[in-house]
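Engineer: Got a structure for you, upload38.pdb, holding PDB, C-alpha atoms.
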ATOM      1  CA  MET A   1       7.162  26.212 182.418
ATOM      2  CA  LYS A   2       7.079  22.870 184.244
ATOM      3  CA  GLN A   3       6.170  19.524 182.692
ATOM      4  CA  LEU A   4       6.102  15.931 183.945
ATOM      5  CA  VAL A   5       7.997  13.504 181.722
ATOM      6  CA  THR A   6       7.767   9.723 181.770
ATOM      7  CA  VAL A   7      11.408   9.172 180.854
ATOM      8  CA  THR A   8      11.133   5.396 180.839
ATOM      9  CA  PRO A   9       8.539   3.119 182.460
ATOM     10  CA  MET A  10       8.187   3.844 186.199
ATOM     11  CA  GLU A  11      10.513   6.860 185.935
ATOM     12  CA  LEU A  12       8.795  10.245 186.250
ATOM     13  CA  ARG A  13      10.728  13.495 186.193
ATOM     14  CA  PHE A  14       9.737  17.150 186.336
ATOM     15  CA  GLU A  15      11.486  19.361 183.795
ATOM     16  CA  ASN A  16      11.561  23.108 183.264
ATOM     17  CA  VAL A  17      11.185  23.933 179.569
ATOM     18  CA  ASP A  18      10.482  26.981 177.447
ATOM     19  CA  MET A  19       6.896  28.156 177.159
ATOM     20  CA  PRO A  20       5.324  27.012 173.855
ATOM     21  CA  GLU A  21       4.660  29.838 171.441
ATOM     22  CA  VAL A  22       1.598  30.476 169.298
ATOM     23  CA  SER A  23       3.015  30.324 165.793
ATOM     24  CA  GLY A  24       0.104  32.230 164.290
ATOM     25  CA  GLY A  25      -2.819  31.179 162.142
ATOM     26  CA  SER A  26      -5.357  29.027 163.989
ATOM     27  CA  GLU A  27      -3.112  27.952 166.863
ATOM     28  CA  VAL A  28      -4.115  28.571 170.483
ATOM     29  CA  LEU A  29      -2.124  28.549 173.729
ATOM     30  CA  VAL A  30      -4.003  26.923 176.626
ATOM     31  CA  LYS A  31      -3.068  27.157 180.289
ATOM     32  CA  ILE A  32      -3.838  23.716 181.736
ATOM     33  CA  LYS A  33      -6.004  23.785 184.861
ATOM     34  CA  ALA A  34      -6.725  20.064 185.350
ATOM     35  CA  ALA A  35      -5.727  16.741 183.766
ATOM     36  CA  GLY A  36      -7.048  13.286 184.561
ATOM     37  CA  ILE A  37      -5.071  10.131 185.220
ATOM     38  CA  CYS A  38      -6.650   7.452 183.050
ATOM     39  CA  GLY A  39      -6.022   3.719 183.012
ATOM     40  CA  SER A  40      -4.090   4.162 179.775
ATOM     41  CA  ASP A  41      -1.817   6.714 181.504
ATOM     42  CA  VAL A  42      -1.127   4.111 184.183
ATOM     43  CA  HIS A  43      -0.266   1.597 181.437
ATOM     44  CA  ILE A  44       2.194   4.089 179.924
ATOM     45  CA  TYR A  45       3.697   4.676 183.372
ATOM     46  CA  HIS A  46       4.070   0.924 183.893
ATOM     47  CA  GLY A  47       5.457   0.321 180.396
ATOM     48  CA  THR A  48       2.565  -1.915 179.327
ATOM     49  CA  SER A  49       1.046   0.357 176.680
ATOM     50  CA  PRO A  50       1.303  -1.134 173.173
ATOM     51  CA  VAL A  51       1.282   2.279 171.489
ATOM     52  CA  ALA A  52       3.129   4.839 173.643
ATOM     53  CA  THR A  53       6.676   6.014 172.992
ATOM     54  CA  TYR A  54       9.219   7.407 175.459
ATOM     55  CA  PRO A  55      10.141   9.911 176.760
ATOM     56  CA  ARG A  56       6.566  11.179 176.935
ATOM     57  CA  VAL A  57       4.550  13.899 178.620
ATOM     58  CA  MET A  58       1.364  11.977 179.370
ATOM     59  CA  GLY A  59      -2.156  13.315 179.848
ATOM     60  CA  HIS A  60      -4.942  13.104 177.264
ATOM     61  CA  GLU A  61      -7.786  14.238 179.543
ATOM     62  CA  MET A  62      -7.020  17.956 179.778
ATOM     63  CA  VAL A  63      -8.927  21.171 180.390
ATOM     64  CA  GLY A  64      -7.785  24.740 180.825
ATOM     65  CA  VAL A  65      -8.116  28.397 179.935
ATOM     66  CA  VAL A  66      -7.261  30.020 176.616
ATOM     67  CA  ASP A  67      -4.201  32.223 177.158
ATOM     68  CA  LYS A  68      -3.270  33.451 173.660
ATOM     69  CA  VAL A  69      -4.709  32.981 170.166
ATOM     70  CA  GLY A  70      -3.323  33.139 166.644
ATOM     71  CA  ALA A  71      -4.319  35.854 164.209
ATOM     72  CA  ASP A  72      -6.876  33.677 162.377
ATOM     73  CA  VAL A  73      -8.621  32.205 165.434
ATOM     74  CA  THR A  74     -12.379  32.873 165.547
ATOM     75  CA  LYS A  75     -13.853  30.077 167.684
ATOM     76  CA  VAL A  76     -12.269  30.904 171.055
ATOM     77  CA  ARG A  77     -10.773  33.914 172.792
ATOM     78  CA  PRO A  78      -8.493  34.516 175.801
ATOM     79  CA  GLY A  79     -10.234  33.599 179.026
ATOM     80  CA  ASP A  80     -12.450  30.882 177.550
ATOM     81  CA  ARG A  81     -12.613  27.648 179.549
ATOM     82  CA  VAL A  82     -11.940  24.756 177.163
ATOM     83  CA  ILE A  83     -11.343  21.034 176.832
ATOM     84  CA  VAL A  84      -8.677  19.845 174.392
ATOM     85  CA  ASP A  85      -9.451  17.040 171.925
ATOM     86  CA  GLN A  86      -6.759  14.389 172.247
ATOM     87  CA  ILE A  87      -6.790  13.335 168.572
ATOM     88  CA  ILE A  88      -4.672  14.683 165.714
ATOM     89  CA  SER A  89      -5.287  13.082 162.302
ATOM     90  CA  CYS A  90      -3.930  13.588 158.781
ATOM     91  CA  GLY A  91      -7.286  14.123 157.039
ATOM     92  CA  ALA A  92      -6.127  12.362 153.883
ATOM     93  CA  CYS A  93      -5.788   8.600 154.514
ATOM     94  CA  TYR A  94      -8.533   6.020 153.947
ATOM     95  CA  PRO A  95     -10.009   6.123 157.500
ATOM     96  CA  CYS A  96     -10.010   9.926 157.452
ATOM     97  CA  SER A  97     -11.655   9.950 154.018
ATOM     98  CA  ILE A  98     -14.598   7.905 155.314
ATOM     99  CA  GLY A  99     -15.078  10.011 158.441
ATOM    100  CA  ARG A 100     -13.095   7.942 160.943
ATOM    101  CA  PRO A 101     -10.103  10.113 161.891
ATOM    102  CA  ASN A 102      -9.913   8.413 165.293
ATOM    103  CA  VAL A 103      -8.192   5.504 163.541
ATOM    104  CA  CYS A 104      -6.168   7.623 161.097
ATOM    105  CA  LEU A 105      -3.208   5.743 159.608
ATOM    106  CA  GLY A 106      -0.991   8.513 160.950
ATOM    107  CA  LEU A 107      -2.913   8.945 164.203
ATOM    108  CA  LYS A 108      -1.302  11.026 166.921
ATOM    109  CA  VAL A 109      -2.866  11.102 170.366
ATOM    110  CA  ARG A 110      -1.796  13.800 172.777
ATOM    111  CA  GLY A 111      -0.193  12.189 175.790
ATOM    112  CA  VAL A 112       0.520   8.949 173.927
ATOM    113  CA  HIS A 113       2.285   9.530 170.600
ATOM    114  CA  ILE A 114       3.031  13.213 171.219
ATOM    115  CA  ASP A 115       3.242  15.249 174.412
ATOM    116  CA  GLY A 116       0.011  15.825 176.305
ATOM    117  CA  GLY A 117      -1.437  17.721 179.221
ATOM    118  CA  TYR A 118       0.874  16.960 182.152
ATOM    119  CA  ARG A 119       2.421  20.369 181.645
ATOM    120  CA  GLU A 120       1.472  23.926 182.495
ATOM    121  CA  TYR A 121       0.727  25.088 178.928
ATOM    122  CA  ILE A 122      -0.077  23.376 175.636
ATOM    123  CA  THR A 123      -0.782  24.576 172.104
ATOM    124  CA  ALA A 124      -3.574  23.215 169.923
ATOM    125  CA  ASP A 125      -5.468  24.158 166.801
ATOM    126  CA  GLU A 126      -8.720  25.977 167.519
ATOM    127  CA  ASP A 127     -10.672  23.089 165.961
ATOM    128  CA  SER A 128      -9.382  20.870 168.787
ATOM    129  CA  LEU A 129     -10.960  23.062 171.472
ATOM    130  CA  TYR A 130     -14.486  22.970 172.901
ATOM    131  CA  ILE A 131     -16.017  25.499 175.278
ATOM    132  CA  LEU A 132     -16.831  24.086 178.720
ATOM    133  CA  PRO A 133     -20.215  24.530 180.419
ATOM    134  CA  GLU A 134     -19.970  27.357 182.935
ATOM    135  CA  HIS A 135     -21.339  25.283 185.811
ATOM    136  CA  LEU A 136     -18.663  22.575 185.567
ATOM    137  CA  SER A 137     -15.522  22.727 187.682
ATOM    138  CA  PHE A 138     -12.292  21.991 185.863
ATOM    139  CA  SER A 139     -11.926  18.672 187.710
ATOM    140  CA  ASP A 140     -15.420  17.520 186.751
ATOM    141  CA  ALA A 141     -14.883  18.704 183.165
ATOM    142  CA  VAL A 142     -12.017  16.212 182.832
ATOM    143  CA  MET A 143     -14.704  13.488 182.763
ATOM    144  CA  ILE A 144     -16.024  14.718 179.402
ATOM    145  CA  GLU A 145     -13.246  12.838 177.608
ATOM    146  CA  PRO A 146     -14.011   9.414 179.159
ATOM    147  CA  MET A 147     -17.695   9.985 178.431
ATOM    148  CA  SER A 148     -16.845  10.623 174.771
ATOM    149  CA  ILE A 149     -15.189   7.186 174.666
ATOM    150  CA  ALA A 150     -18.455   5.632 175.835
ATOM    151  CA  PHE A 151     -20.463   7.580 173.269
ATOM    152  CA  GLN A 152     -18.151   6.244 170.573
ATOM    153  CA  ALA A 153     -18.699   2.631 171.652
ATOM    154  CA  VAL A 154     -22.484   3.051 171.693
ATOM    155  CA  SER A 155     -22.297   4.626 168.239
ATOM    156  CA  ARG A 156     -20.125   1.802 166.903
ATOM    157  CA  ALA A 157     -22.592  -0.755 168.279
ATOM    158  CA  LYS A 158     -25.477   0.981 166.464
ATOM    159  CA  VAL A 159     -27.712   0.565 169.512
ATOM    160  CA  VAL A 160     -31.444   0.911 168.821
ATOM    161  CA  ALA A 161     -34.512   0.831 171.066
ATOM    162  CA  SER A 162     -35.220  -2.859 170.402
ATOM    163  CA  ASP A 163     -31.770  -3.959 171.591
ATOM    164  CA  THR A 164     -30.884  -5.682 174.823
ATOM    165  CA  VAL A 165     -27.413  -4.393 175.723
ATOM    166  CA  LEU A 166     -25.058  -6.125 178.147
ATOM    167  CA  VAL A 167     -22.206  -4.127 179.678
ATOM    168  CA  LEU A 168     -19.572  -6.428 181.143
ATOM    169  CA  GLY A 169     -17.818  -4.543 183.937
ATOM    170  CA  ALA A 170     -19.154  -1.677 186.049
ATOM    171  CA  GLY A 171     -15.898   0.142 186.754
ATOM    172  CA  ALA A 172     -15.050   3.628 185.494
ATOM    173  CA  LEU A 173     -15.516   2.741 181.816
ATOM    174  CA  GLY A 174     -18.628   0.726 182.562
ATOM    175  CA  LYS A 175     -20.236   3.645 184.388
ATOM    176  CA  SER A 176     -19.596   5.963 181.435
ATOM    177  CA  LEU A 177     -21.161   3.369 179.129
ATOM    178  CA  ILE A 178     -24.164   3.096 181.440
ATOM    179  CA  LYS A 179     -24.753   6.841 181.294
ATOM    180  CA  ALA A 180     -24.496   6.828 177.511
ATOM    181  CA  LEU A 181     -26.791   3.812 177.127
ATOM    182  CA  LEU A 182     -29.424   5.200 179.488
ATOM    183  CA  LEU A 183     -29.973   7.914 176.878
ATOM    184  CA  THR A 184     -31.187   5.201 174.487
ATOM    185  CA  ASP A 185     -34.401   3.211 174.840
ATOM    186  CA  ALA A 186     -32.566  -0.107 174.791
ATOM    187  CA  GLU A 187     -32.898  -2.609 177.636
ATOM    188  CA  LEU A 188     -29.703  -2.527 179.718
ATOM    189  CA  ILE A 189     -28.026  -5.308 181.696
ATOM    190  CA  VAL A 190     -24.842  -4.744 183.713
ATOM    191  CA  ALA A 191     -22.643  -7.607 184.947
ATOM    192  CA  ASP A 192     -19.794  -7.441 187.455
ATOM    193  CA  VAL A 193     -18.182  -9.508 190.200
ATOM    194  CA  ALA A 194     -18.270  -6.680 192.761
ATOM    195  CA  GLU A 195     -21.582  -5.938 194.451
ATOM    196  CA  GLN A 196     -20.480  -2.396 195.338
ATOM    197  CA  ARG A 197     -19.984  -1.532 191.672
ATOM    198  CA  LEU A 198     -23.367  -3.032 190.860
ATOM    199  CA  GLU A 199     -24.952  -0.910 193.591
ATOM    200  CA  GLU A 200     -23.392   2.142 191.955
ATOM    201  CA  ALA A 201     -24.847   0.998 188.628
ATOM    202  CA  ARG A 202     -28.284   0.689 190.210
ATOM    203  CA  ALA A 203     -27.909   4.187 191.628
ATOM    204  CA  LEU A 204     -27.379   5.426 188.070
ATOM    205  CA  GLY A 205     -30.693   3.880 187.052
ATOM    206  CA  VAL A 206     -29.821   0.353 185.869
ATOM    207  CA  ARG A 207     -32.664  -1.993 186.745
ATOM    208  CA  HIS A 208     -31.079  -5.294 185.710
ATOM    209  CA  CYS A 209     -27.710  -6.009 187.345
ATOM    210  CA  VAL A 210     -26.157  -9.473 187.662
ATOM    211  CA  ASN A 211     -23.383 -10.538 190.013
ATOM    212  CA  THR A 212     -21.091 -13.114 188.410
ATOM    213  CA  SER A 213     -18.803 -13.669 191.419
ATOM    214  CA  GLU A 214     -20.350 -17.031 192.212
ATOM    215  CA  THR A 215     -22.011 -18.096 188.959
ATOM    216  CA  GLY A 216     -21.026 -17.935 185.322
ATOM    217  CA  LEU A 217     -22.305 -15.104 183.182
ATOM    218  CA  ALA A 218     -24.641 -17.309 181.150
ATOM    219  CA  GLN A 219     -26.206 -18.692 184.320
ATOM    220  CA  ALA A 220     -26.485 -15.234 185.868
ATOM    221  CA  LEU A 221     -28.324 -13.979 182.790
ATOM    222  CA  GLY A 222     -30.875 -16.756 183.208
ATOM    223  CA  GLY A 223     -31.194 -17.466 179.497
ATOM    224  CA  LYS A 224     -31.415 -13.796 178.497
ATOM    225  CA  LEU A 225     -29.540 -13.263 175.224
ATOM    226  CA  PRO A 226     -28.206  -9.744 174.687
ATOM    227  CA  THR A 227     -28.267  -8.465 171.126
ATOM    228  CA  VAL A 228     -25.313  -6.188 171.920
ATOM    229  CA  SER A 229     -22.482  -6.969 174.353
ATOM    230  CA  ILE A 230     -19.858  -4.374 175.273
ATOM    231  CA  ASP A 231     -16.662  -5.400 177.037
ATOM    232  CA  ALA A 232     -15.800  -2.855 179.737
ATOM    233  CA  ALA A 233     -13.806  -5.395 181.755
ATOM    234  CA  GLY A 234     -11.014  -6.097 179.298
ATOM    235  CA  PHE A 235      -9.935  -9.593 180.267
ATOM    236  CA  PRO A 236      -8.329 -11.963 177.725
ATOM    237  CA  GLU A 237     -11.349 -14.249 178.207
ATOM    238  CA  SER A 238     -13.936 -11.505 177.649
ATOM    239  CA  LEU A 239     -14.242 -11.816 173.881
ATOM    240  CA  ALA A 240     -14.955 -15.553 173.911
ATOM    241  CA  LEU A 241     -17.312 -15.158 176.857
ATOM    242  CA  LEU A 242     -19.359 -12.454 175.159
ATOM    243  CA  ALA A 243     -19.401 -14.274 171.823
ATOM    244  CA  ASP A 244     -20.819 -17.281 173.670
ATOM    245  CA  ILE A 245     -23.711 -15.450 175.357
ATOM    246  CA  THR A 246     -24.605 -12.893 172.657
ATOM    247  CA  CYS A 247     -27.681 -13.573 170.529
ATOM    248  CA  ASN A 248     -27.388 -14.773 166.924
ATOM    249  CA  ALA A 249     -26.880 -11.809 164.561
ATOM    250  CA  GLY A 250     -25.740  -9.725 167.550
ATOM    251  CA  ARG A 251     -22.834  -7.340 167.993
ATOM    252  CA  VAL A 252     -19.866  -7.650 170.351
ATOM    253  CA  VAL A 253     -17.870  -4.485 171.042
ATOM    254  CA  THR A 254     -14.304  -4.700 172.279
ATOM    255  CA  MET A 255     -12.496  -1.643 173.692
ATOM    256  CA  SER A 256      -9.453  -3.217 175.317
ATOM    257  CA  PHE A 257      -5.817  -2.632 174.354
ATOM    258  CA  LEU A 258      -4.687  -5.927 175.841
ATOM    259  CA  LYS A 259      -1.783  -7.511 174.017
ATOM    260  CA  ASP A 260      -2.640 -10.924 175.447
ATOM    261  CA  LEU A 261      -4.138 -13.335 172.937
ATOM    262  CA  SER A 262      -7.856 -14.053 173.211
ATOM    263  CA  GLU A 263      -8.696 -17.668 172.434
ATOM    264  CA  ILE A 264     -11.984 -18.029 170.595
ATOM    265  CA  ALA A 265     -13.308 -20.673 168.240
ATOM    266  CA  GLN A 266     -14.262 -19.104 164.926
ATOM    267  CA  PHE A 267     -17.342 -21.323 164.996
ATOM    268  CA  LYS A 268     -18.813 -19.086 167.709
ATOM    269  CA  ILE A 269     -18.589 -16.082 165.432
ATOM    270  CA  THR A 270     -19.476 -17.710 162.135
ATOM    271  CA  SER A 271     -22.355 -19.883 163.298
ATOM    272  CA  LYS A 272     -24.102 -16.919 164.932
ATOM    273  CA  GLU A 273     -22.995 -14.458 162.229
ATOM    274  CA  LEU A 274     -21.810 -12.099 164.958
ATOM    275  CA  ASP A 275     -20.346  -8.677 164.283
ATOM    276  CA  ILE A 276     -17.118  -8.216 166.272
ATOM    277  CA  ILE A 277     -16.593  -4.464 166.515
ATOM    278  CA  GLY A 278     -13.601  -2.492 167.743
ATOM    279  CA  SER A 279     -14.102   0.925 169.328
ATOM    280  CA  ARG A 280     -11.170   3.280 169.815
ATOM    281  CA  LEU A 281     -11.003   6.775 171.297
ATOM    282  CA  GLN A 282     -13.817   9.007 170.019
ATOM    283  CA  ASN A 283     -14.909  10.441 166.724
ATOM    284  CA  GLY A 284     -16.424  13.899 167.084
ATOM    285  CA  LYS A 285     -18.182  12.870 170.288
ATOM    286  CA  PHE A 286     -17.074  15.821 172.433
ATOM    287  CA  LYS A 287     -19.874  17.935 170.988
ATOM    288  CA  GLU A 288     -22.485  15.236 171.646
ATOM    289  CA  VAL A 289     -21.360  14.887 175.255
ATOM    290  CA  LEU A 290     -21.314  18.661 175.768
ATOM    291  CA  ASP A 291     -24.781  18.963 174.233
ATOM    292  CA  GLY A 292     -25.978  16.295 176.666
ATOM    293  CA  ILE A 293     -24.444  18.099 179.635
ATOM    294  CA  ASN A 294     -25.812  21.484 178.588
ATOM    295  CA  GLY A 295     -29.225  19.924 178.042
ATOM    296  CA  GLY A 296     -29.257  18.333 181.491
ATOM    297  CA  LEU A 297     -29.235  14.790 180.088
ATOM    298  CA  ILE A 298     -25.755  13.829 181.308
ATOM    299  CA  ASP A 299     -24.127  14.401 184.682
ATOM    300  CA  VAL A 300     -20.342  14.064 184.826
ATOM    301  CA  THR A 301     -19.996  15.473 188.338
ATOM    302  CA  GLY A 302     -19.159  13.539 191.476
ATOM    303  CA  GLN A 303     -16.842  10.994 189.853
ATOM    304  CA  VAL A 304     -13.485  12.459 190.923
ATOM    305  CA  SER A 305     -12.368  10.911 194.211
ATOM    306  CA  HIS A 306      -9.028  12.715 194.545
ATOM    307  CA  GLU A 307      -7.631  16.063 193.393
ATOM    308  CA  ILE A 308      -3.838  16.117 193.617
ATOM    309  CA  PRO A 309      -1.669  19.214 192.964
ATOM    310  CA  PHE A 310       0.302  18.865 189.745
ATOM    311  CA  GLU A 311       3.571  19.211 191.674
ATOM    312  CA  ARG A 312       2.687  16.005 193.558
ATOM    313  CA  ALA A 313       1.892  13.965 190.449
ATOM    314  CA  LYS A 314       4.375  11.244 191.383
ATOM    315  CA  GLU A 315       2.462  10.688 194.620
ATOM    316  CA  ALA A 316      -0.752  10.379 192.610
ATOM    317  CA  PHE A 317       0.601   7.486 190.537
ATOM    318  CA  GLU A 318       1.978   5.802 193.655
ATOM    319  CA  MET A 319      -1.437   6.167 195.301
ATOM    320  CA  ILE A 320      -3.151   4.544 192.310
ATOM    321  CA  ASP A 321      -0.668   1.665 192.384
ATOM    322  CA  ARG A 322      -1.574   0.907 196.006
ATOM    323  CA  LYS A 323      -5.044  -0.069 194.707
ATOM    324  CA  ASP A 324      -6.919   1.507 197.590
ATOM    325  CA  PRO A 325     -10.632   1.000 196.750
ATOM    326  CA  SER A 326     -11.324   4.600 197.790
ATOM    327  CA  VAL A 327      -9.183   5.795 194.867
ATOM    328  CA  LYS A 328     -11.516   5.910 191.877
ATOM    329  CA  LYS A 329     -10.663   8.888 189.657
ATOM    330  CA  VAL A 330      -7.586  11.007 190.261
ATOM    331  CA  VAL A 331      -7.232  14.442 188.704
ATOM    332  CA  LEU A 332      -4.112  16.605 188.738
ATOM    333  CA  VAL A 333      -4.961  20.250 189.425
ATOM    334  CA  TYR A 334      -2.688  23.128 188.429
TER     335      TYR A 334
END
Would you mind writing the file out in structure tokens?

Structural biologist:
Amino acid sequence: MKQLVTVTPMELRFENVDMPEVSGGSEVLVKIKAAGICGSDVHIYHGTSPVATYPRVMGHEMVGVVDKVGADVTKVRPGDRVIVDQIISCGACYPCSIGRPNVCLGLKVRGVHIDGGYREYITADEDSLYILPEHLSFSDAVMIEPMSIAFQAVSRAKVVASDTVLVLGAGALGKSLIKALLLTDAELIVADVAEQRLEEARALGVRHCVNTSETGLAQALGGKLPTVSIDAAGFPESLALLADITCNAGRVVTMSFLKDLSEIAQFKITSKELDIIGSRLQNGKFKEVLDGINGGLIDVTGQVSHEIPFERAKEAFEMIDRKDPSVKKVVLVY
């Protein structure tokens, strides 16, 4: 089979390797049909990821068809359309013991720490597979994984109906957060510097959008103090900015993997008694997202701007690097 290897940063190479075998038990062989290119994949490609190792087969947003199953498999069968959970955890460390395997001390993420979906076939335990809704195309189904990231952040923030939630940044991550937050009864504010992204947020149903291209965030909010602020922009200055404008006793959620230092006076946190909350990956959120899709509450369609054949994956990364505004979500199709 063929796989795409990031040998070193900026060096992609196709390799022909042996087909993975189902070793028995609960293992499943999946034929990959589509895999998304996420911002974190671009960071791995550029060599700016703080967690990836090389050489690496990237791709953590992956969907496909069950090809073979082990003797003990009961949850899926050949021909099923599935999405593959990107997380592998030990089940025994402290985070795992308190129900947070997404930050397992021995965490392995497919496409980051171990090989992922930029290959024609992959094996996974049956517990890592979820059946896809019949009406979703494989390309659209790739967006389930990013949506699960948003669900995790909303869960970590413990959003309730009485909250006023600010989402800073209305890009791809911001839009997923918007969709997740619109399922709550909380008041939602979205801030961005690009009016086009804010128009897209309004089209999703956000009533309160603020453009910060000409005024500071505090001024744009007009004295409104969010009780929850979620950073979907990921700038080094974001943490201090959100700590400054978030209400006393509020929560600030950070999702960035920036290695740059964020300068913030501890006084801002202590005097307001803010909760600074990290949110990483997802923790059992695939099922919640799938339930929302099947129930008609969530729409993940229409977000993929480009489908690129797997054999032209190098072109896809080059296209993303050109920063053409028409390139929003790129999916490799097999």

Engineer: Applying the PyMOL selection byres ((chain A and resi 234) around 12) to the file I just gave you, which residues come out? Please list them as a PyMOL selection string.

Structural biologist: chain A and resi 39+167-171+173-174+230-233+235-242+253-262

Engineer: Step by step, work through what the PyMOL selection byres ((chain A and resi 122-125) around 9) selects in the shown file, and finish by giving those residues as an NGL selection string.

Structural biologist: :A and (19-22 or 25-32 or 73 or 84-85 or 115-117 or 119-121 or 126-129)

Engineer: So that I can see what lies close to A:Ile114, please list as a PyMOL selection string the residues with an atom at most 9 Å from it, counting only C-alpha atoms and leaving out residues fewer than 6 positions away in the same chain.

Structural biologist: chain A and resi 52-53+56-58+108

Engineer: What would the selection look like, as a ChimeraX atom specification, if the PyMOL selection byres ((chain A and resi 226) around 8) were run on the coordinates I just shared?

Structural biologist: /A:163-166,224-225,227-229,245-247,250

Engineer: Which residues, written as a PyMOL selection string, have at least one atom at most 12 Å from A:Gly296, with only C-alpha atoms counted and residues fewer than 6 positions away on the same chain left out?

Structural biologist: chain A and resi 133+135+183+289-290

Engineer: Please indicate the distance in Å from atom CA of A:Phe267 to atom CA of A:Gly222, rounded to one decimal place.

Structural biologist: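 One can read the atom CA of A:Phe267 to atom CA of A:Gly222 distance as 23.1 Å.
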
Engineer: Compare A:Gly24, A:Gly223, A:Gly36, A:Gly70 by their minimum atom-to-atom distance to A:Ile308, counting all atoms listed in the file, and give me the closest one.

Structural biologist: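 Of all the options, A:Gly36 lies closest to A:Ile308.
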
Engineer: When you draw a straight line from atom CA of A:Ser89 to atom CA of A:Glu15, how long is it in Å?

Structural biologist: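 Rounded to one decimal, the two atoms are 28.0 Å apart.
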